[in-house]
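As stored in upload36.txt (compact mmCIF, C-alpha atoms):
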# COMPACT_ATOMS: atom_id res chain seq x y z
CA MET A 1 8.92 -11.21 12.29
CA GLU A 2 5.96 -13.55 12.37
CA ASN A 3 2.37 -12.48 12.78
CA LYS A 4 0.90 -12.52 16.27
CA GLU A 5 -1.12 -15.70 15.78
CA LEU A 6 1.91 -17.66 14.58
CA GLU A 7 4.03 -16.20 17.37
CA GLN A 8 1.57 -17.41 19.99
CA GLU A 9 1.33 -20.84 18.38
CA ILE A 10 5.13 -21.23 18.36
CA LYS A 11 5.41 -20.24 22.02
CA LYS A 12 2.65 -22.70 22.93
CA LYS A 13 4.37 -25.54 21.09
CA ILE A 14 7.77 -24.75 22.64
CA THR A 15 6.36 -24.83 26.17
CA ASN A 16 5.18 -28.41 25.52
CA ILE A 17 8.68 -29.58 24.61
CA PRO A 18 10.56 -31.44 27.39
CA LEU A 19 12.63 -29.05 29.49
CA LYS A 20 15.94 -30.64 28.47
CA ASP A 21 15.31 -29.62 24.82
CA ARG A 22 13.38 -26.40 25.37
CA ALA A 23 16.42 -24.15 25.83
CA LYS A 24 18.07 -25.62 22.73
CA VAL A 25 14.93 -25.04 20.64
CA THR A 26 14.73 -21.47 21.90
CA ALA A 27 18.36 -20.87 20.95
CA LEU A 28 17.77 -22.50 17.56
CA ARG A 29 14.85 -20.16 16.94
CA TYR A 30 17.10 -17.18 17.68
CA TYR A 31 19.41 -18.05 14.79
CA LEU A 32 16.65 -19.07 12.38
CA ASN A 33 14.90 -15.76 13.03
CA LYS A 34 18.14 -14.05 11.98
CA CYS A 35 17.99 -16.01 8.70
CA LYS A 36 14.39 -14.90 8.18
CA GLN A 37 15.37 -11.30 8.85
CA ALA A 38 18.18 -11.60 6.29
CA ASP A 39 15.67 -12.94 3.73
CA SER A 40 13.32 -10.06 4.50
CA ASP A 41 16.13 -7.52 4.11
CA MET A 42 17.10 -9.11 0.78
CA GLU A 43 13.53 -8.87 -0.51
CA LYS A 44 13.34 -5.20 0.47
CA THR A 45 16.66 -4.53 -1.28
CA CYS A 46 15.45 -6.32 -4.43
CA ASP A 47 12.19 -4.37 -4.34
CA ASN A 48 14.11 -1.10 -4.03
CA ILE A 49 16.34 -2.02 -6.97
CA GLN A 50 13.34 -2.99 -9.10
CA SER A 51 11.58 0.27 -8.22
CA LYS A 52 14.70 2.23 -9.14
CA TYR A 53 14.95 0.66 -12.59
CA ASP A 54 11.19 0.78 -13.17
CA LYS A 55 11.42 4.55 -12.76
CA LEU A 56 14.42 4.73 -15.07
CA SER A 57 12.47 2.78 -17.71
CA MET A 58 9.44 5.09 -17.77
CA PRO A 59 10.90 7.84 -20.03
CA ILE A 60 12.37 5.14 -22.30
CA TYR A 61 8.92 3.58 -22.73
CA GLN A 62 7.63 7.02 -23.70
CA LYS A 63 10.18 7.17 -26.52
CA ALA A 64 9.18 3.66 -27.62
CA ASP A 65 5.51 4.70 -27.63
CA GLU A 66 6.34 7.56 -30.00
CA ILE A 67 7.88 5.07 -32.44
CA ILE A 68 4.84 2.77 -32.22
CA LEU A 69 2.46 5.69 -32.73
CA GLY A 70 4.50 7.08 -35.61
CA THR A 71 5.05 10.45 -33.94
CA ALA A 72 8.82 10.11 -33.31
CA GLN A 73 11.47 11.80 -35.38
CA LEU A 74 13.68 9.04 -36.79
CA ASN A 75 17.39 9.83 -36.62
CA GLU A 76 20.82 8.22 -36.82
CA GLN A 77 20.68 7.26 -33.15
CA ASN A 78 17.41 5.33 -33.11
CA LEU A 79 18.04 3.97 -36.61
CA GLY A 80 21.43 2.58 -35.60
CA LEU A 81 20.31 -1.02 -36.09
CA ALA A 82 18.81 -0.31 -39.50
CA ALA A 83 22.19 -0.67 -41.17
CA LYS A 84 22.27 -4.30 -40.04
CA LEU A 85 18.71 -5.04 -41.16
CA LEU A 86 18.46 -3.04 -44.38
CA SER A 87 20.63 -2.95 -47.46
CA GLU A 88 22.22 0.32 -48.57
CA GLU A 89 19.67 0.52 -51.36
CA GLU A 90 16.78 0.02 -48.95
CA LEU A 91 18.18 2.65 -46.58
CA GLN A 92 18.49 5.09 -49.45
CA GLN A 93 14.90 4.41 -50.55
CA PHE A 94 13.73 4.93 -46.97
CA ASN A 95 15.60 8.24 -46.61
CA GLN A 96 14.25 9.54 -49.91
CA ALA A 97 10.65 8.49 -49.25
CA PRO A 98 8.17 11.05 -47.83
CA LYS A 99 8.18 10.90 -44.04
CA GLU A 100 4.60 10.08 -43.09
CA SER A 101 3.46 9.95 -39.47
CA LYS A 102 1.79 6.55 -39.26
CA ALA A 103 1.51 4.12 -36.39
CA ILE A 104 2.69 0.52 -36.60
CA PRO A 105 -0.55 -1.27 -37.55
CA ASP A 106 -2.26 -3.35 -34.81
CA TYR A 107 0.88 -3.31 -32.68
CA TRP A 108 -0.67 -3.94 -29.25
CA LEU A 109 -3.34 -6.23 -30.67
CA LYS A 110 -0.60 -8.53 -31.99
CA VAL A 111 1.34 -8.27 -28.73
CA PHE A 112 -1.59 -9.45 -26.62
CA LYS A 113 -2.76 -12.08 -29.10
CA ASN A 114 0.71 -13.61 -29.37
CA ALA A 115 1.26 -13.44 -25.60
CA ASP A 116 -2.11 -15.20 -25.05
CA LEU A 117 -2.41 -14.42 -21.33
CA GLN A 118 -4.19 -17.41 -19.83
CA GLU A 119 -5.92 -15.55 -16.98
CA LEU A 120 -7.67 -13.05 -19.25
CA PRO A 121 -7.14 -14.00 -22.91
CA LEU A 122 -8.45 -11.80 -25.71
CA SER A 123 -11.68 -13.05 -27.22
CA GLU A 124 -12.37 -12.46 -30.91
CA ARG A 125 -14.68 -9.63 -29.90
CA ASP A 126 -11.95 -8.14 -27.66
CA ALA A 127 -9.55 -8.23 -30.59
CA GLU A 128 -11.79 -5.87 -32.57
CA ALA A 129 -11.58 -3.35 -29.73
CA PHE A 130 -7.82 -3.83 -29.27
CA LYS A 131 -7.27 -2.62 -32.83
CA PHE A 132 -7.88 0.83 -31.34
CA LEU A 133 -5.33 0.45 -28.49
CA GLN A 134 -2.54 2.97 -29.04
CA LYS A 135 -0.30 2.70 -25.99
CA ILE A 136 0.00 1.41 -22.42
CA GLU A 137 1.49 3.67 -19.76
CA PHE A 138 3.01 2.35 -16.53
CA THR A 139 3.67 4.55 -13.50
CA LEU A 140 4.93 3.70 -10.03
CA ALA A 141 3.57 5.46 -6.94
CA GLU A 142 5.83 7.37 -4.55
CA ASN A 143 5.61 4.54 -2.02
CA ASP A 144 7.27 2.23 -4.62
CA SER A 145 4.56 -0.40 -4.05
CA ASP A 146 1.37 0.84 -5.69
CA PHE A 147 1.40 1.06 -9.46
CA PHE A 148 -0.92 2.24 -12.20
CA LEU A 149 -1.60 1.22 -15.79
CA LYS A 150 -3.29 3.40 -18.39
CA PHE A 151 -4.58 2.02 -21.69
CA TYR A 152 -4.95 4.69 -24.36
CA PHE A 153 -7.46 3.99 -27.13
CA ALA A 154 -8.43 5.89 -30.23
CA GLU A 155 -12.11 6.76 -30.56
CA ASN A 156 -13.89 3.49 -31.19
CA PRO A 157 -17.39 2.00 -31.59
CA PHE A 158 -17.17 -0.03 -28.36
CA PHE A 159 -16.86 2.42 -25.46
CA LYS A 160 -16.96 6.15 -24.91
CA GLN A 161 -13.68 6.70 -23.04
CA THR A 162 -10.29 6.93 -24.71
CA VAL A 163 -8.35 6.09 -21.52
CA LEU A 164 -9.01 3.06 -19.30
CA GLU A 165 -7.02 2.91 -16.07
CA LYS A 166 -6.19 0.21 -13.54
CA LYS A 167 -4.71 1.09 -10.13
CA PHE A 168 -3.10 -1.42 -7.75
CA TYR A 169 -2.86 -0.69 -4.01
CA TYR A 170 -0.74 -2.71 -1.57
CA GLU A 171 -0.39 -3.02 2.18
CA ASP A 172 2.54 -4.99 3.64
CA ASP A 173 3.25 -6.44 0.17
CA GLU A 174 -0.33 -7.72 -0.10
CA LEU A 175 -2.69 -6.46 -2.81
CA ILE A 176 -5.71 -5.09 -0.96
CA LYS A 177 -7.51 -3.00 -3.59
CA VAL A 178 -7.70 -2.46 -7.33
CA GLU A 179 -9.54 0.42 -8.93
CA GLY A 180 -10.51 0.21 -12.57
CA THR A 181 -12.23 2.61 -14.89
CA LYS A 182 -15.92 1.87 -15.20
CA VAL A 183 -16.24 1.31 -18.93
CA GLU A 184 -19.05 3.26 -20.57
CA TRP A 185 -20.12 0.87 -23.31
CA HIS A 186 -21.97 1.93 -26.43
CA ASP A 187 -25.36 0.22 -26.83
CA GLY A 188 -25.01 -3.46 -27.67
CA LYS A 189 -21.19 -3.33 -27.50
CA ASN A 190 -20.48 -4.54 -23.94
CA LEU A 191 -17.73 -7.11 -24.44
CA THR A 192 -18.09 -8.49 -20.90
CA LYS A 193 -21.70 -9.55 -21.51
CA LYS A 194 -23.51 -11.78 -23.98
CA LEU A 195 -27.16 -12.44 -24.69
CA ILE A 196 -28.30 -16.05 -24.54
CA LYS A 197 -31.60 -17.70 -25.32
CA LYS A 198 -32.57 -20.43 -22.93
CA LYS A 199 -35.09 -23.11 -23.84
CA GLN A 200 -36.76 -24.49 -20.72
CA ARG A 201 -39.16 -27.40 -20.30
CA ASN A 202 -41.47 -27.48 -17.33
CA LYS A 203 -41.37 -30.99 -15.85
CA LYS A 204 -44.95 -30.80 -14.66
CA THR A 205 -46.67 -29.50 -17.79
CA GLY A 206 -44.15 -30.59 -20.42
CA GLN A 207 -44.44 -27.21 -22.09
CA PHE A 208 -41.42 -25.31 -23.43
CA ARG A 209 -40.63 -21.64 -23.20
CA VAL A 210 -37.75 -19.59 -24.54
CA ILE A 211 -36.29 -16.86 -22.40
CA SER A 212 -33.52 -14.39 -23.22
CA LYS A 213 -31.12 -12.99 -20.69
CA GLU A 214 -27.80 -11.20 -20.53
CA VAL A 215 -25.01 -13.11 -18.79
CA ASP A 216 -21.33 -12.54 -18.07
CA ASP A 217 -18.91 -13.36 -20.86
CA GLU A 218 -15.17 -13.99 -20.82
CA SER A 219 -13.33 -10.85 -21.82
CA PHE A 220 -10.03 -9.12 -21.16
CA PHE A 221 -12.05 -6.03 -20.26
CA LEU A 222 -12.99 -7.69 -16.96
CA PHE A 223 -9.51 -6.48 -16.00
CA PHE A 224 -10.98 -3.02 -15.41
CA ARG A 225 -13.25 -4.16 -12.56
CA SER A 226 -12.73 -2.70 -9.08
CA ILE A 227 -12.22 -4.87 -5.98
CA ASP A 228 -11.62 -3.71 -2.41
CA ILE A 229 -10.78 -5.97 0.54
CA SER A 230 -8.87 -3.29 2.47
CA ASN A 231 -11.50 -3.26 5.22
CA LYS A 232 -10.55 -6.56 6.88
CA GLU A 233 -13.39 -6.41 9.38
CA LYS A 234 -15.94 -6.05 6.60
CA TYR A 235 -14.18 -8.67 4.46
CA ASP A 236 -14.12 -11.24 7.28
CA LYS A 237 -17.89 -10.96 7.69
CA LEU A 238 -18.51 -12.00 4.08
CA PRO A 239 -19.53 -15.62 3.32
CA GLU A 240 -16.52 -17.83 2.74
CA ASP A 241 -17.37 -18.48 -0.92
CA GLU A 242 -17.58 -14.72 -1.55
CA GLN A 243 -14.21 -14.18 0.14
CA ILE A 244 -12.66 -16.88 -2.04
CA SER A 245 -14.21 -15.35 -5.17
CA LEU A 246 -12.92 -11.83 -4.39
CA GLN A 247 -9.44 -13.10 -3.53
CA GLY A 248 -9.39 -15.14 -6.73
CA GLN A 249 -10.31 -12.10 -8.81
CA LEU A 250 -7.60 -10.06 -7.06
CA ASP A 251 -5.04 -12.77 -7.79
CA VAL A 252 -5.98 -12.73 -11.48
CA ASP A 253 -5.76 -8.94 -11.65
CA GLN A 254 -2.37 -8.94 -9.92
CA ASP A 255 -1.00 -11.66 -12.21
CA VAL A 256 -2.17 -9.85 -15.34
CA GLY A 257 -0.95 -6.48 -14.08
CA ARG A 258 2.53 -7.80 -13.30
CA GLU A 259 2.66 -9.74 -16.57
CA ILE A 260 1.99 -6.52 -18.46
CA VAL A 261 4.64 -4.57 -16.49
CA ASP A 262 7.34 -7.24 -16.29
CA GLU A 263 6.80 -9.07 -19.56
CA LEU A 264 4.66 -7.40 -22.22
CA LEU A 265 6.02 -3.86 -21.95
CA PRO A 266 9.76 -4.65 -22.05
CA TYR A 267 9.36 -7.52 -24.54
CA SER A 268 6.53 -6.09 -26.63
CA LEU A 269 8.56 -6.21 -29.85
CA GLU A 270 9.33 -9.92 -29.39
CA TYR A 271 5.62 -10.63 -28.87
CA PHE A 272 4.66 -8.42 -31.80
CA LEU A 273 7.02 -10.42 -34.01
CA GLY A 274 5.68 -13.69 -32.60
CA ILE A 275 9.09 -14.96 -31.52
CA LYS A 276 8.45 -15.08 -27.76
CA GLU A 277 6.04 -17.36 -25.99
CA PHE A 278 4.56 -16.45 -22.64
CA LYS A 279 5.04 -19.37 -20.26
CA THR A 280 2.56 -20.12 -17.51
CA GLU A 281 1.42 -23.15 -15.58
CA ASP A 282 -1.38 -25.11 -17.23
CA ASP A 283 -4.75 -24.63 -15.58
CA GLY A 284 -6.68 -27.68 -14.45
CA GLY A 285 -9.77 -28.69 -16.37
CA ALA A 286 -12.99 -27.02 -15.35
CA GLU A 287 -15.52 -29.18 -13.57
CA GLY A 288 -18.91 -29.65 -15.12
CA GLU A 289 -21.83 -27.70 -13.74
CA GLU A 290 -24.80 -29.41 -12.18
CA ASP A 291 -28.08 -29.43 -14.08
CA ASP A 292 -30.89 -27.11 -13.03
CA GLU A 293 -34.15 -28.42 -11.73
CA GLU A 294 -35.76 -27.82 -15.12
CA ASP A 295 -34.42 -29.34 -18.31
CA ASP A 296 -32.56 -26.50 -20.00
CA GLU A 297 -31.29 -26.30 -23.51
CA GLU A 298 -29.15 -23.25 -24.08
CA VAL A 299 -28.55 -21.60 -27.41
CA GLU A 300 -26.25 -18.60 -27.42
CA VAL A 301 -27.01 -15.69 -29.70
CA PRO A 302 -24.97 -12.49 -29.94
CA ALA A 303 -26.48 -9.37 -28.43
CA LYS A 304 -27.45 -6.63 -30.83
CA GLY A 305 -24.36 -5.09 -32.36
CA GLN A 306 -22.02 -7.91 -31.28
CA ASN A 307 -19.94 -10.08 -33.61
CA LYS A 308 -21.19 -13.56 -34.34
CA GLY A 309 -17.82 -15.28 -34.13
CA LYS A 310 -17.15 -17.66 -31.28
CA ASP A 311 -14.69 -16.59 -28.60
CA LYS A 312 -11.18 -17.92 -28.78
CA LYS A 313 -10.70 -21.00 -26.68
CA LYS A 314 -8.03 -21.17 -24.04
CA LYS A 315 -5.08 -23.30 -24.90

Can you give me the file's structure in the form of structure tokens?
Amino acid sequence: MENKELEQEIKKKITNIPLKDRAKVTALRYYLNKCKQADSDMEKTCDNIQSKYDKLSMPIYQKADEIILGTAQLNEQNLGLAAKLLSEEELQQFNQAPKESKAIPDYWLKVFKNADLQELPLSERDAEAFKFLQKIEFTLAENDSDFFLKFYFAENPFFKQTVLEKKFYYEDDELIKVEGTKVEWHDGKNLTKKLIKKKQRNKKTGQFRVISKEVDDESFFLFFRSIDISNKEKYDKLPEDEQISLQGQLDVDQDVGREIVDELLPYSLEYFLGIKEFKTEDDGGAEGEEDDEEDDEEVEVPAKGQNKGKDKKKK
């Protein structure tokens, strides 16, 4: 019920309790362990129910995707609400108009922009790429724990693939590995990087020099990184700051993945219409970075082929 370390610690603490209370504490633990087991059973039951309905939802999402992409055949069944939203004249005009197969313009771009996910918000440059996003596919693994997301894009000027995938792997309800598609960016179009020019003054000579270098940039496409901490022995040997960094990235990926599955997919229409607001806890302010040994003055310039607009600020 508890892990081995906690079990040993509890036993050690109990043995230090005066004998007159030790038996009572042991008996108390018996009943509280039963409560913990009941909680564990409830969580498993809830997980099984969620998995059941996730699987039932998958074919429904496929039908919704066909509507978004403009490939579905509209009929009396799926147009049942139209009578409440359109006048008889408008319905007649619609039925008489040529049936063209066209997607709803910028559907997923508007969904993600209106949702404004705080962990990985869309930058202005990301938004240009998201205009080509056609659908998001969710599948659940046979073990009912691991799940996969596929992002389908039309051919675009940013990257070569048309499908970007993210896979989530769990062990004992803990996320231990994510595998993302390695994005093959077209030259000068890497949305996770930016080119900056750095003006440096040498304190000894007083002379200035300008250097250019490519640095990481905030982008939703960081979501497609791969992280693996499944080898605990290898993970434990890493420096503490590196462990914290990897765990933090995993937490972000898990939050975003679940937000897409539990929020954006079922409520995509509400986000598209801008009538639903994604609620999350406010992040604390970022601490200022320490100055380098040399006096640096940074001027950011877009890399070749990148847009010049500034990235959207987090709210």

Q | Proximity to Ser226 of chain A - best of A:Leu19, A:Ala27, A:Val183, A:Ile136, all atoms listed in the file | A |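 Once distances to Ser226 of chain A are computed over all atoms listed in the file, the minimum belongs to A:Val183.
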
Taking only residues of segment 77-152 of chain A that have an atom at most 9 Å from an atom of segment 32-51 of chain A, what is each one's shortest atom pair and its distance in Å to one decimal, using all atoms listed in the file, in chain and number order, as JSON lines?
{"residue": "A:Leu140", "atom": "CA", "partner": "A:Ser51", "partner_atom": "CA", "distance": 7.7}
{"residue": "A:Asp144", "atom": "CA", "partner": "A:Ser51", "partner_atom": "CA", "distance": 5.9}
{"residue": "A:Ser145", "atom": "CA", "partner": "A:Ser51", "partner_atom": "CA", "distance": 8.2}

What are the closest atom pairs, with distances in Å to one decimal, for each residue of segment 115-223 of chain A lying within 10 Å of segment 249-254 of chain A, using only C-alpha atoms, rows by chain and rising residue number, as CSV?
residue,atom,partner,partner_atom,distance
A:Gln118,CA,A:Val252,CA,9.7
A:Glu119,CA,A:Val252,CA,6.2
A:Leu120,CA,A:Val252,CA,8.0
A:Lys166,CA,A:Asp253,CA,9.4
A:Phe168,CA,A:Gln254,CA,7.9
A:Leu175,CA,A:Leu250,CA,7.4
A:Ile176,CA,A:Leu250,CA,8.1
A:Lys177,CA,A:Leu250,CA,7.9
A:Val178,CA,A:Leu250,CA,7.6
A:Leu222,CA,A:Asp253,CA,9.1
A:Phe223,CA,A:Asp253,CA,6.2

Q: Give the answer as one residue: which of A:Pro105, A:Gly206, A:Gly274, A:Pro239 has the shortest atom-to-atom distance to Gly70 of chain A, using only C-alpha atoms?
A: A:Pro105

Q | Coordinates-based distance that separates atom CA of Glu124 of chain A from atom CA of Glu214 of chain A (Å, one decimal) | A |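 Here the two named atoms are 18.6 Å from each other.
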
Q: Could you tell me how far atom CA of Phe148 of chain A lies from atom CA of Trp108 of chain A, in Å and to one decimal?
A: 18.1 Å

(Q) Restricting the calculation to only C-alpha atoms: of A:Glu142, A:Asp217, A:Asp65, A:Asp116, which residue gets closest to Phe278 of chain A? (A) A:Asp116

For Leu122 of chain A, work out the shell of residues within 7 Å, counting all atoms listed in the file and skipping chain neighbours fewer than 6 positions away, then give it as a short mmCIF file (atom, residue, chain, number, x, y, z; two decimals) with C-alpha atoms, keeping the file's coordinate frame.
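Wrote it out as part_4.cif, contents follow:
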data_model
loop_
_atom_site.label_atom_id
_atom_site.label_comp_id
_atom_site.auth_asym_id
_atom_site.auth_seq_id
_atom_site.Cartn_x
_atom_site.Cartn_y
_atom_site.Cartn_z
CA LYS A 113 -2.76 -12.08 -29.10
CA SER A 219 -13.33 -10.85 -21.82
CA PHE A 220 -10.03 -9.12 -21.16
#

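In this structure, atom CA of Phe130 of chain A sits 24.3 Å away from atom CA of Ser57 of chain A.
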
Q | Neighbour list for segment 155-158 of chain A as a PyMOL selection string, cut-off 6 Å, all atoms listed in the file, skip fewer than 6 positions in-chain | A | chain A and resi 185-186+189

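Ranking A:Glu128, A:Glu89, A:Asp187, A:Glu66 by their shortest atom-to-atom distance to Ala103 of chain A, with all atoms listed in the file included, puts A:Glu66 first.
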
**Q.** Ref. answer, residues at most 12 Å from (10.0, -16.6, -26.3) with only C-alpha atoms, as a PyMOL selection string
**A.** chain A and resi 114-115+263-264+267-279
